[in-house]
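Below is upload_34.cif, which holds mmCIF, C-alpha atoms and all ligand atoms.
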```cif
data_run
loop_
_atom_site.group_PDB
_atom_site.id
_atom_site.type_symbol
_atom_site.label_atom_id
_atom_site.label_comp_id
_atom_site.auth_asym_id
_atom_site.auth_seq_id
_atom_site.Cartn_x
_atom_site.Cartn_y
_atom_site.Cartn_z
ATOM 1 C CA LEU A 86 54.319 155.419 81.819
ATOM 2 C CA THR A 87 56.658 155.524 78.863
ATOM 3 C CA SER A 88 55.530 153.658 75.765
ATOM 4 C CA VAL A 89 58.146 150.990 76.489
ATOM 5 C CA GLN A 90 56.793 150.505 80.013
ATOM 6 C CA SER A 91 53.170 150.355 78.761
ATOM 7 C CA HIS A 92 54.173 147.810 76.131
ATOM 8 C CA TYR A 93 55.917 145.674 78.738
ATOM 9 C CA LEU A 94 52.976 145.715 81.166
ATOM 10 C CA GLU A 95 50.234 145.236 78.557
ATOM 11 C CA ASP A 96 51.798 143.073 75.872
ATOM 12 C CA VAL A 97 54.549 141.148 77.665
ATOM 13 C CA LEU A 98 53.109 140.683 81.166
ATOM 14 C CA ARG A 99 49.522 140.953 79.798
ATOM 15 C CA LEU A 100 48.322 142.931 82.801
ATOM 16 C CA LYS A 101 44.878 144.542 82.731
ATOM 17 C CA PRO A 102 43.372 147.620 84.418
ATOM 18 C CA GLY A 103 42.860 146.771 88.082
ATOM 19 C CA ASP A 104 45.971 144.553 88.263
ATOM 20 C CA THR A 105 48.608 145.658 90.740
ATOM 21 C CA VAL A 106 52.356 146.185 90.349
ATOM 22 C CA LEU A 107 55.154 147.483 92.570
ATOM 23 C CA VAL A 108 56.634 150.789 91.457
ATOM 24 C CA PHE A 109 59.693 152.786 92.521
ATOM 25 C CA ASP A 110 61.305 156.001 91.356
ATOM 26 C CA GLY A 111 64.662 155.790 93.118
ATOM 27 C CA GLU A 112 63.736 158.642 95.480
ATOM 28 C CA ARG A 113 60.621 157.842 97.454
ATOM 29 C CA GLY A 114 60.709 154.104 98.126
ATOM 30 C CA GLU A 115 58.461 151.422 96.712
ATOM 31 C CA TRP A 116 54.690 151.681 96.304
ATOM 32 C CA LEU A 117 51.826 149.368 95.519
ATOM 33 C CA ALA A 118 50.145 150.636 92.382
ATOM 34 C CA GLU A 119 47.107 149.734 90.355
ATOM 35 C CA LEU A 120 46.913 149.887 86.597
ATOM 36 C CA GLY A 121 44.249 152.167 85.174
ATOM 37 C CA ARG A 122 43.415 153.466 81.724
ATOM 38 C CA GLU A 123 43.128 156.978 80.345
ATOM 39 C CA GLY A 124 41.780 156.880 76.812
ATOM 40 C CA ARG A 125 43.991 154.375 75.012
ATOM 41 C CA ARG A 126 46.852 154.793 77.431
ATOM 42 C CA THR A 127 47.605 152.608 80.445
ATOM 43 C CA LYS A 128 48.426 154.597 83.523
ATOM 44 C CA ILE A 129 49.525 153.874 87.063
ATOM 45 C CA LEU A 130 47.467 154.770 90.097
ATOM 46 C CA ILE A 131 49.383 154.738 93.361
ATOM 47 C CA VAL A 132 47.467 152.949 96.117
ATOM 48 C CA GLY A 133 47.982 153.751 99.777
ATOM 49 C CA THR A 134 51.373 154.384 101.316
ATOM 50 C CA PRO A 135 54.893 153.247 100.439
ATOM 51 C CA ILE A 136 55.436 149.598 101.276
ATOM 52 C CA ARG A 137 59.244 149.896 101.453
ATOM 53 C CA PRO A 138 61.185 153.023 102.369
ATOM 54 C CA GLN A 139 63.855 154.296 99.998
ATOM 55 C CA THR A 140 67.203 152.622 100.627
ATOM 56 C CA GLY A 141 70.293 154.828 100.606
ATOM 57 C CA PRO A 142 72.747 154.520 97.725
ATOM 58 C CA GLY A 143 75.705 152.233 98.478
ATOM 59 C CA ASP A 144 79.229 153.346 97.719
ATOM 60 C CA LEU A 145 80.781 150.717 95.476
ATOM 61 C CA ASP A 146 82.244 151.757 92.125
ATOM 62 C CA TYR A 147 82.617 149.101 89.441
ATOM 63 C CA LEU A 148 85.384 149.941 86.993
ATOM 64 C CA PHE A 149 85.416 147.605 84.025
ATOM 65 C CA ALA A 150 86.863 147.405 80.549
ATOM 66 C CA PRO A 151 83.871 147.230 78.180
ATOM 67 C CA LEU A 152 83.218 143.927 76.443
ATOM 68 C CA LYS A 153 81.199 143.106 73.340
ATOM 69 C CA ARG A 154 77.456 143.703 73.417
ATOM 70 C CA MET A 155 75.894 140.554 74.907
ATOM 71 C CA ARG A 156 78.598 140.016 77.473
ATOM 72 C CA LEU A 157 78.484 143.670 78.416
ATOM 73 C CA ASP A 158 74.734 143.343 79.060
ATOM 74 C CA TYR A 159 75.527 140.425 81.358
ATOM 75 C CA VAL A 160 78.292 142.323 83.160
ATOM 76 C CA VAL A 161 75.985 145.248 83.902
ATOM 77 C CA GLN A 162 73.053 143.088 85.042
ATOM 78 C CA LYS A 163 75.221 140.998 87.370
ATOM 79 C CA ALA A 164 77.077 143.999 88.782
ATOM 80 C CA VAL A 165 73.765 145.677 89.652
ATOM 81 C CA GLU A 166 72.479 142.482 91.295
ATOM 82 C CA MET A 167 75.681 142.313 93.314
ATOM 83 C CA GLY A 168 75.081 145.813 94.647
ATOM 84 C CA VAL A 169 77.345 148.232 92.784
ATOM 85 C CA SER A 170 76.388 151.884 92.963
ATOM 86 C CA ARG A 171 78.344 153.277 90.014
ATOM 87 C CA LEU A 172 79.142 151.618 86.668
ATOM 88 C CA ARG A 173 82.303 153.154 85.260
ATOM 89 C CA PRO A 174 83.558 151.840 81.896
ATOM 90 C CA VAL A 175 87.311 152.337 81.546
ATOM 91 C CA ILE A 176 89.327 152.074 78.363
ATOM 92 C CA THR A 177 92.578 150.196 78.870
ATOM 93 C CA ARG A 178 95.436 149.434 76.491
ATOM 94 C CA HIS A 179 93.992 146.060 75.447
ATOM 95 C CA THR A 180 90.308 146.993 75.501
ATOM 96 C CA SER A 181 88.788 145.654 72.308
ATOM 97 C CA THR A 182 85.472 147.567 72.411
ATOM 98 C CA GLU A 183 85.883 151.296 72.844
ATOM 99 C CA ARG A 184 82.401 152.388 71.764
ATOM 100 C CA VAL A 185 79.986 152.045 74.646
ATOM 101 C CA ASN A 186 76.252 152.645 74.423
ATOM 102 C CA THR A 187 75.627 154.118 77.878
ATOM 103 C CA GLY A 188 71.854 154.236 77.179
ATOM 104 C CA ARG A 189 71.910 150.467 76.798
ATOM 105 C CA LEU A 190 73.970 150.101 79.991
ATOM 106 C CA ARG A 191 71.400 152.198 81.830
ATOM 107 C CA ALA A 192 68.487 150.181 80.424
ATOM 108 C CA ASN A 193 70.193 146.995 81.622
ATOM 109 C CA ALA A 194 70.820 148.538 85.040
ATOM 110 C CA ILE A 195 67.134 149.500 85.385
ATOM 111 C CA GLU A 196 65.977 146.046 84.310
ATOM 112 C CA ALA A 197 68.274 144.332 86.821
ATOM 113 C CA ALA A 198 67.110 146.674 89.589
ATOM 114 C CA GLU A 199 63.456 145.972 88.727
ATOM 115 C CA GLN A 200 63.993 142.223 88.791
ATOM 116 C CA CYS A 201 65.917 142.194 92.049
ATOM 117 C CA GLY A 202 63.889 144.720 94.035
ATOM 118 C CA ILE A 203 66.779 147.194 94.146
ATOM 119 C CA LEU A 204 65.346 150.657 94.798
ATOM 120 C CA THR A 205 68.372 152.746 93.816
ATOM 121 C CA ILE A 206 69.493 152.595 90.187
ATOM 122 C CA PRO A 207 73.281 152.716 89.891
ATOM 123 C CA GLU A 208 74.778 155.681 88.067
ATOM 124 C CA VAL A 209 76.260 154.978 84.628
ATOM 125 C CA ALA A 210 79.339 157.030 83.759
ATOM 126 C CA GLU A 211 80.700 157.841 80.303
ATOM 127 C CA PRO A 212 83.770 155.762 79.381
ATOM 128 C CA ILE A 213 87.106 157.297 80.284
ATOM 129 C CA SER A 214 90.729 156.177 80.110
ATOM 130 C CA LEU A 215 92.120 154.017 82.896
ATOM 131 C CA GLU A 216 94.585 156.797 83.658
ATOM 132 C CA GLN A 217 91.778 159.319 84.111
ATOM 133 C CA ALA A 218 89.692 156.875 86.155
ATOM 134 C CA LEU A 219 92.595 156.353 88.563
ATOM 135 C CA ALA A 220 93.146 160.098 88.845
ATOM 136 C CA ASP A 221 89.425 160.645 89.558
ATOM 137 C CA LEU A 222 89.218 158.147 92.446
ATOM 138 C CA GLU A 223 88.940 159.876 95.816
ATOM 139 C CA PRO A 224 92.113 159.227 97.866
ATOM 140 C CA ASN A 225 90.248 157.343 100.612
ATOM 141 C CA ARG A 226 88.496 154.948 98.197
ATOM 142 C CA VAL A 227 89.965 151.437 98.441
ATOM 143 C CA LEU A 228 90.633 150.059 94.963
ATOM 144 C CA VAL A 229 90.333 146.283 94.636
ATOM 145 C CA PHE A 230 92.502 145.533 91.643
ATOM 146 C CA CYS A 231 91.642 142.132 90.156
ATOM 147 C CA ASP A 232 94.922 141.146 88.611
ATOM 148 C CA GLU A 233 95.185 137.910 86.651
ATOM 149 C CA ASP A 234 98.959 138.014 87.311
ATOM 150 C CA ALA A 235 98.705 138.354 91.110
ATOM 151 C CA PRO A 236 100.087 135.338 92.967
ATOM 152 C CA CYS A 237 97.352 133.096 94.283
ATOM 153 C CA GLY A 238 96.872 133.622 98.034
ATOM 154 C CA ASP A 239 94.141 134.115 100.575
ATOM 155 C CA PRO A 240 91.628 136.545 99.046
ATOM 156 C CA LEU A 241 89.734 136.980 102.319
ATOM 157 C CA ALA A 242 92.917 138.007 104.118
ATOM 158 C CA ALA A 243 93.915 140.332 101.269
ATOM 159 C CA LEU A 244 90.582 142.137 101.435
ATOM 160 C CA GLY A 245 90.564 141.985 105.236
ATOM 161 C CA SER A 246 93.663 144.211 105.231
ATOM 162 C CA ALA A 247 91.438 147.072 104.032
ATOM 163 C CA LYS A 248 88.872 146.590 106.810
ATOM 164 C CA ARG A 249 88.299 149.556 109.089
ATOM 165 C CA GLU A 250 85.535 151.518 110.760
ATOM 166 C CA PRO A 251 83.812 153.402 109.354
ATOM 167 C CA ARG A 252 83.815 151.198 106.251
ATOM 168 C CA PRO A 253 85.818 152.768 103.447
ATOM 169 C CA PRO A 254 84.267 153.581 100.061
ATOM 170 C CA LEU A 255 85.221 150.872 97.566
ATOM 171 C CA ALA A 256 85.990 150.363 93.900
ATOM 172 C CA VAL A 257 86.532 147.102 92.020
ATOM 173 C CA LEU A 258 88.592 147.066 88.817
ATOM 174 C CA ILE A 259 88.263 144.310 86.187
ATOM 175 C CA GLY A 260 90.368 144.282 83.046
ATOM 176 C CA PRO A 261 89.580 143.435 79.424
ATOM 177 C CA GLU A 262 89.795 140.072 77.639
ATOM 178 C CA GLY A 263 93.388 140.958 76.763
ATOM 179 C CA GLY A 264 94.348 141.606 80.407
ATOM 180 C CA PHE A 265 96.335 144.562 81.775
ATOM 181 C CA SER A 266 99.630 145.748 80.321
ATOM 182 C CA GLU A 267 102.712 145.854 82.549
ATOM 183 C CA GLU A 268 102.696 149.640 82.392
ATOM 184 C CA GLU A 269 99.058 149.745 83.570
ATOM 185 C CA ARG A 270 99.781 147.261 86.331
ATOM 186 C CA GLY A 271 102.633 149.458 87.581
ATOM 187 C CA ARG A 272 100.461 152.573 87.479
ATOM 188 C CA ILE A 273 97.629 150.897 89.418
ATOM 189 C CA VAL A 274 99.734 149.409 92.206
ATOM 190 C CA ALA A 275 101.576 152.721 92.656
ATOM 191 C CA ARG A 276 98.353 154.240 93.984
ATOM 192 C CA ASP A 277 97.818 154.270 97.774
ATOM 193 C CA GLY A 278 94.937 152.133 99.009
ATOM 194 C CA VAL A 279 95.083 149.337 96.444
ATOM 195 C CA VAL A 280 94.314 145.709 97.262
ATOM 196 C CA ARG A 281 95.794 143.521 94.534
ATOM 197 C CA LEU A 282 93.527 140.526 94.377
ATOM 198 C CA SER A 283 93.957 137.093 92.852
ATOM 199 C CA LEU A 284 90.749 135.249 92.024
ATOM 200 C CA GLY A 285 92.378 131.850 92.168
ATOM 201 C CA PRO A 286 94.589 129.691 89.968
ATOM 202 C CA ARG A 287 92.462 129.901 86.804
ATOM 203 C CA ILE A 288 92.110 132.831 84.419
ATOM 204 C CA LEU A 289 88.442 133.761 84.501
ATOM 205 C CA ARG A 290 86.546 135.487 81.760
ATOM 206 C CA ALA A 291 86.058 139.125 82.632
ATOM 207 C CA ASP A 292 82.311 138.697 83.245
ATOM 208 C CA THR A 293 82.891 135.759 85.611
ATOM 209 C CA ALA A 294 85.734 137.610 87.350
ATOM 210 C CA GLY A 295 83.401 140.537 88.055
ATOM 211 C CA VAL A 296 80.822 138.395 89.850
ATOM 212 C CA ALA A 297 83.491 136.473 91.793
ATOM 213 C CA ALA A 298 85.262 139.664 92.879
ATOM 214 C CA LEU A 299 82.039 141.390 93.919
ATOM 215 C CA ALA A 300 80.990 138.363 96.008
ATOM 216 C CA LEU A 301 84.313 138.479 97.857
ATOM 217 C CA VAL A 302 84.223 142.239 98.318
ATOM 218 C CA GLN A 303 80.632 142.264 99.572
ATOM 219 C CA THR A 304 81.478 139.420 101.988
ATOM 220 C CA VAL A 305 84.541 141.007 103.554
ATOM 221 C CA LEU A 306 84.046 144.746 103.160
ATOM 222 C CA GLY A 307 80.546 145.356 101.858
ATOM 223 C CA ASP A 308 76.872 144.910 102.544
ATOM 224 C CA TRP A 309 76.786 141.130 102.868
ATOM 225 C CA ILE A 310 77.912 141.732 106.447
ATOM 226 C CA ALA A 311 74.958 142.694 108.627
HETATM 227 N N1 LIG M 1 94.105 137.683 78.730
HETATM 228 C C1 LIG M 1 94.449 137.651 80.109
HETATM 229 C C2 LIG M 1 95.400 136.519 80.348
HETATM 230 O O1 LIG M 1 95.291 135.512 79.660
HETATM 231 O O2 LIG M 1 96.205 136.650 81.268
HETATM 232 C C3 LIG M 1 93.189 137.388 80.933
HETATM 233 C C4 LIG M 1 92.308 138.539 81.155
HETATM 234 S S1 LIG M 1 90.842 138.075 82.004
HETATM 235 C C5 LIG M 1 89.960 137.314 80.753
HETATM 236 C C6 LIG M 1 89.975 139.588 82.214
HETATM 237 C C7 LIG M 1 90.078 140.215 83.584
HETATM 238 O O3 LIG M 1 89.428 139.405 84.551
HETATM 239 C C8 LIG M 1 91.464 140.407 84.120
HETATM 240 O O4 LIG M 1 92.096 141.563 83.610
HETATM 241 C C9 LIG M 1 91.216 140.495 85.617
HETATM 242 O O5 LIG M 1 90.766 141.779 86.011
HETATM 243 C C10 LIG M 1 90.101 139.506 85.807
HETATM 244 N N2 LIG M 1 90.611 138.160 86.148
HETATM 245 C C11 LIG M 1 90.444 137.016 85.445
HETATM 246 N N3 LIG M 1 90.997 135.967 86.090
HETATM 247 C C12 LIG M 1 91.532 136.459 87.227
HETATM 248 C C13 LIG M 1 92.233 135.885 88.308
HETATM 249 N N4 LIG M 1 92.512 134.578 88.380
HETATM 250 N N5 LIG M 1 92.636 136.696 89.323
HETATM 251 C C14 LIG M 1 92.379 138.011 89.288
HETATM 252 N N6 LIG M 1 91.715 138.630 88.286
HETATM 253 C C15 LIG M 1 91.293 137.866 87.262
#
```
Would you encode the structure as structure tokens?
Amino acid sequence: LTSVQSHYLEDVLRLKPGDTVLVFDGERGEWLAELGREGRRTKILIVGTPIRPQTGPGDLDYLFAPLKRMRLDYVVQKAVEMGVSRLRPVITRHTSTERVNTGRLRANAIEAAEQCGILTIPEVAEPISLEQALADLEPNRVLVFCDEDAPCGDPLAALGSAKREPRPPLAVLIGPEGGFSEEERGRIVARDGVVRLSLGPRILRADTAGVAALALVQTVLGDWIA
């Protein structure tokens, strides 16, 4: 255990040697474990066999303009809960926060995975420009472009147009508080395989837009369908 993990188990959850917890390492599934002690240090003893096999990583990139600290924490936690596999901060023309603490993003991703029983921790990428992020997307990845200027329509039908078998890899793009510039909008829609999505008649805050978009995407194209 790291000192942070020991502190959490002993001082926050107040667990004692002999208490059990579920543990996972992102590679070998989930195990029932018992807390033990070695000198002054708490340690984990794995008991028995895995109780849940490792789940495969999904294939859903979340491209987002970074927000200020607390709201960024929220964005990361909610995106992980909603099943994204890669967190990719992108710097756009109107992004107000360019410095991103990727260690903090990762800590938030781990915490969300722990709380929601997600066995695969999403990757956290270093921030890059929107231009570079678009260039890096594999050609077959469908990009769901959440555009506050898109005319309101039928979001299920819009996403349904990208439905095929096997299911395509996906990416969702959410802009900054200041929205996208016209030049960025033109660059994004010029790419093949873009679904320009309206999230209804109201402008949503970027953190709300992320959750709404991911719910729609998981419903029509993702893992909410059995
Ligand atoms: N400042 C912009 C404006 O007033 O037009 C709003 C930007 S909004 C706070 C941040 C991001 O959330 C947008 O760039 C977009 O990706 C997403 N978003 C918010 N509302 C949306 C909507 N109704 N439809 C599609 N995307 C939306």
### Query
Given the choices A:Arg171, A:Lys153, A:Lys248, A:Arg287, which gets closest to A:Asp232 if the distance is worked out from all atoms listed in the file?
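Selected residue with least distance to A:Asp232: A:Arg287.
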### Message
Assuming the chain letters and numbering stay as they are in my file, what does the PyMOL selection byres (((not hetatm)) within 6 of (chain M and resi 1)) actually select? List them as a PyMOL selection string.
### Response
chain A and resi 231-233+259-265+282-291+294
Could you save those same residues with C-alpha atoms as a PDB file, in the coordinates of the input?
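Everything below was put into result.pdb:
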```pdb
ATOM      1  CA  CYS A 231      91.642 142.132  90.156  1.00  0.00           C
ATOM      2  CA  ASP A 232      94.922 141.146  88.611  1.00  0.00           C
ATOM      3  CA  GLU A 233      95.185 137.910  86.651  1.00  0.00           C
ATOM      4  CA  ILE A 259      88.263 144.310  86.187  1.00  0.00           C
ATOM      5  CA  GLY A 260      90.368 144.282  83.046  1.00  0.00           C
ATOM      6  CA  PRO A 261      89.580 143.435  79.424  1.00  0.00           C
ATOM      7  CA  GLU A 262      89.795 140.072  77.639  1.00  0.00           C
ATOM      8  CA  GLY A 263      93.388 140.958  76.763  1.00  0.00           C
ATOM      9  CA  GLY A 264      94.348 141.606  80.407  1.00  0.00           C
ATOM     10  CA  PHE A 265      96.335 144.562  81.775  1.00  0.00           C
ATOM     11  CA  LEU A 282      93.527 140.526  94.377  1.00  0.00           C
ATOM     12  CA  SER A 283      93.957 137.093  92.852  1.00  0.00           C
ATOM     13  CA  LEU A 284      90.749 135.249  92.024  1.00  0.00           C
ATOM     14  CA  GLY A 285      92.378 131.850  92.168  1.00  0.00           C
ATOM     15  CA  PRO A 286      94.589 129.691  89.968  1.00  0.00           C
ATOM     16  CA  ARG A 287      92.462 129.901  86.804  1.00  0.00           C
ATOM     17  CA  ILE A 288      92.110 132.831  84.419  1.00  0.00           C
ATOM     18  CA  LEU A 289      88.442 133.761  84.501  1.00  0.00           C
ATOM     19  CA  ARG A 290      86.546 135.487  81.760  1.00  0.00           C
ATOM     20  CA  ALA A 291      86.058 139.125  82.632  1.00  0.00           C
ATOM     21  CA  ALA A 294      85.734 137.610  87.350  1.00  0.00           C
TER      22      ALA A 294
END
```
Contact table stretch 109-185 of chain A vs stretch 195-216 of chain A, cut-off 10 Å, shortest pair per residue, only C-alpha atoms, as CSV:
```
residue,atom,partner,partner_atom,distance
A:Phe109,CA,A:Leu204,CA,6.5
A:Asp110,CA,A:Leu204,CA,7.5
A:Gly111,CA,A:Thr205,CA,4.8
A:Glu112,CA,A:Thr205,CA,7.7
A:Arg113,CA,A:Leu204,CA,9.0
A:Gly114,CA,A:Leu204,CA,6.7
A:Glu115,CA,A:Leu204,CA,7.2
A:Arg137,CA,A:Leu204,CA,9.1
A:Pro138,CA,A:Leu204,CA,9.0
A:Gln139,CA,A:Leu204,CA,6.5
A:Thr140,CA,A:Leu204,CA,6.4
A:Gly141,CA,A:Thr205,CA,7.4
A:Pro142,CA,A:Thr205,CA,6.1
A:Gly143,CA,A:Thr205,CA,8.7
A:Asp144,CA,A:Pro207,CA,9.9
A:Leu145,CA,A:Pro207,CA,9.6
A:Asp146,CA,A:Pro207,CA,9.3
A:Tyr147,CA,A:Val209,CA,9.9
A:Leu148,CA,A:Leu215,CA,8.9
A:Phe149,CA,A:Leu215,CA,9.3
A:Ala150,CA,A:Leu215,CA,8.8
A:Pro151,CA,A:Pro212,CA,8.6
A:Tyr159,CA,A:Ala197,CA,9.9
A:Val161,CA,A:Ala197,CA,8.3
A:Gln162,CA,A:Ala197,CA,5.2
A:Lys163,CA,A:Ala197,CA,7.7
A:Ala164,CA,A:Ala197,CA,9.0
A:Val165,CA,A:Ala197,CA,6.3
A:Glu166,CA,A:Ala197,CA,6.4
A:Met167,CA,A:Cys201,CA,9.8
A:Gly168,CA,A:Ile203,CA,8.4
A:Val169,CA,A:Pro207,CA,6.7
A:Ser170,CA,A:Pro207,CA,4.4
A:Arg171,CA,A:Glu208,CA,4.7
A:Leu172,CA,A:Val209,CA,4.9
A:Arg173,CA,A:Ala210,CA,5.1
A:Pro174,CA,A:Pro212,CA,4.7
A:Val175,CA,A:Ile213,CA,5.1
A:Ile176,CA,A:Ser214,CA,4.7
A:Thr177,CA,A:Leu215,CA,5.6
A:Arg178,CA,A:Leu215,CA,8.5
A:Glu183,CA,A:Pro212,CA,8.2
A:Arg184,CA,A:Pro212,CA,8.4
A:Val185,CA,A:Pro212,CA,7.1
```
### Atom-to-atom span, atom CA of A:Arg189 and atom CA of A:Ser91, Å
18.8 Å
Considering only C-alpha atoms, return as a PDB file with C-alpha atoms, keeping the file's coordinate frame whatever protein or nucleic-acid residues lie within 12 Å of stretch 234-246 of chain A, sequence-local ones (same chain, fewer than 5 positions apart) excluded.
```pdb
ATOM      1  CA  VAL A 227      89.965 151.437  98.441  1.00  0.00           C
ATOM      2  CA  LEU A 228      90.633 150.059  94.963  1.00  0.00           C
ATOM      3  CA  VAL A 229      90.333 146.283  94.636  1.00  0.00           C
ATOM      4  CA  ARG A 252      83.815 151.198 106.251  1.00  0.00           C
ATOM      5  CA  PRO A 253      85.818 152.768 103.447  1.00  0.00           C
ATOM      6  CA  LEU A 255      85.221 150.872  97.566  1.00  0.00           C
ATOM      7  CA  VAL A 257      86.532 147.102  92.020  1.00  0.00           C
ATOM      8  CA  GLY A 260      90.368 144.282  83.046  1.00  0.00           C
ATOM      9  CA  GLY A 264      94.348 141.606  80.407  1.00  0.00           C
ATOM     10  CA  PHE A 265      96.335 144.562  81.775  1.00  0.00           C
ATOM     11  CA  SER A 266      99.630 145.748  80.321  1.00  0.00           C
ATOM     12  CA  GLU A 267     102.712 145.854  82.549  1.00  0.00           C
ATOM     13  CA  ARG A 270      99.781 147.261  86.331  1.00  0.00           C
ATOM     14  CA  VAL A 274      99.734 149.409  92.206  1.00  0.00           C
ATOM     15  CA  GLY A 278      94.937 152.133  99.009  1.00  0.00           C
ATOM     16  CA  VAL A 279      95.083 149.337  96.444  1.00  0.00           C
ATOM     17  CA  VAL A 280      94.314 145.709  97.262  1.00  0.00           C
ATOM     18  CA  ARG A 281      95.794 143.521  94.534  1.00  0.00           C
ATOM     19  CA  LEU A 282      93.527 140.526  94.377  1.00  0.00           C
ATOM     20  CA  SER A 283      93.957 137.093  92.852  1.00  0.00           C
ATOM     21  CA  LEU A 284      90.749 135.249  92.024  1.00  0.00           C
ATOM     22  CA  GLY A 285      92.378 131.850  92.168  1.00  0.00           C
ATOM     23  CA  PRO A 286      94.589 129.691  89.968  1.00  0.00           C
ATOM     24  CA  ARG A 287      92.462 129.901  86.804  1.00  0.00           C
ATOM     25  CA  ILE A 288      92.110 132.831  84.419  1.00  0.00           C
ATOM     26  CA  LEU A 289      88.442 133.761  84.501  1.00  0.00           C
ATOM     27  CA  ALA A 297      83.491 136.473  91.793  1.00  0.00           C
ATOM     28  CA  ALA A 298      85.262 139.664  92.879  1.00  0.00           C
ATOM     29  CA  LEU A 299      82.039 141.390  93.919  1.00  0.00           C
ATOM     30  CA  ALA A 300      80.990 138.363  96.008  1.00  0.00           C
ATOM     31  CA  LEU A 301      84.313 138.479  97.857  1.00  0.00           C
ATOM     32  CA  VAL A 302      84.223 142.239  98.318  1.00  0.00           C
ATOM     33  CA  GLN A 303      80.632 142.264  99.572  1.00  0.00           C
ATOM     34  CA  THR A 304      81.478 139.420 101.988  1.00  0.00           C
ATOM     35  CA  VAL A 305      84.541 141.007 103.554  1.00  0.00           C
ATOM     36  CA  LEU A 306      84.046 144.746 103.160  1.00  0.00           C
ATOM     37  CA  GLY A 307      80.546 145.356 101.858  1.00  0.00           C
TER      38      GLY A 307
END
```
### Task
Apply the PyMOL selection byres (((chain A and resi 224) around 8) and not hetatm) to the displayed file and report the matching residues as number ranges by chain.
A: 222-223, 225-226, 277-278
### the PyMOL selection byres (((chain A and resi 101) around 12) and not hetatm) applied to the shown file, residues as a PyMOL selection string
chain A and resi 91-100+102-106+119-122+126-129
### Message
Calculated over only C-alpha atoms, which of the candidates A:Leu157, A:Ala275, A:Ala247, A:Leu117 has the smallest distance to A:Asp292?
### Response
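Counting only C-alpha atoms, the residue closest to A:Asp292 is A:Leu157.
One distance worth recording is that between atom CA of A:Val296 and atom CA of A:Pro254, which is 18.6 Å.
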### Between atom CA of A:Thr187 and atom CA of A:Ser88 - distance in Å to one decimal
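Separation of atom CA of A:Ser88 and atom CA of A:Thr187: 20.2 Å.
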Taking the structure I provided as the source, export stretch 108-147 of chain A with C-alpha atoms, as a compact mmCIF listing (two decimals), in the first residue's frame.
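The new file selection39.txt reads:
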```
# COMPACT_ATOMS: atom_id res chain seq x y z
CA VAL A 108 -8.82 -4.66 -4.49
CA PHE A 109 -8.01 -4.37 -8.19
CA ASP A 110 -4.89 -3.55 -10.17
CA GLY A 111 -6.38 -2.95 -13.62
CA GLU A 112 -4.83 -6.16 -14.98
CA ARG A 113 -5.98 -9.18 -13.03
CA GLY A 114 -9.58 -8.50 -12.02
CA GLU A 115 -10.95 -7.85 -8.56
CA TRP A 116 -9.99 -9.74 -5.41
CA LEU A 117 -11.23 -10.04 -1.87
CA ALA A 118 -8.44 -8.97 0.43
CA GLU A 119 -7.85 -8.85 4.15
CA LEU A 120 -5.96 -6.13 5.93
CA GLY A 121 -2.92 -7.24 7.89
CA ARG A 122 -0.07 -5.47 9.63
CA GLU A 123 3.68 -5.65 9.18
CA GLY A 124 5.41 -3.68 11.90
CA ARG A 125 3.72 -0.28 11.84
CA ARG A 126 2.56 -0.65 8.27
CA THR A 127 -0.85 -1.86 7.12
CA LYS A 128 -0.64 -4.37 4.33
CA ILE A 129 -3.06 -6.24 2.12
CA LEU A 130 -3.37 -10.01 2.10
CA ILE A 131 -5.18 -11.42 -0.91
CA VAL A 132 -7.74 -14.06 0.08
CA GLY A 133 -8.79 -16.82 -2.28
CA THR A 134 -9.44 -16.29 -5.96
CA PRO A 135 -10.55 -13.28 -8.01
CA ILE A 136 -14.21 -12.49 -7.47
CA ARG A 137 -14.58 -10.57 -10.76
CA PRO A 138 -12.55 -11.15 -13.91
CA GLN A 139 -10.73 -8.22 -15.49
CA THR A 140 -12.98 -6.30 -17.87
CA GLY A 141 -11.49 -5.22 -21.20
CA PRO A 142 -10.79 -1.53 -21.79
CA GLY A 143 -13.57 0.26 -23.68
CA ASP A 144 -12.76 2.48 -26.62
CA LEU A 145 -14.26 5.89 -25.90
CA ASP A 146 -12.02 8.96 -25.97
CA TYR A 147 -13.17 12.05 -24.09
```
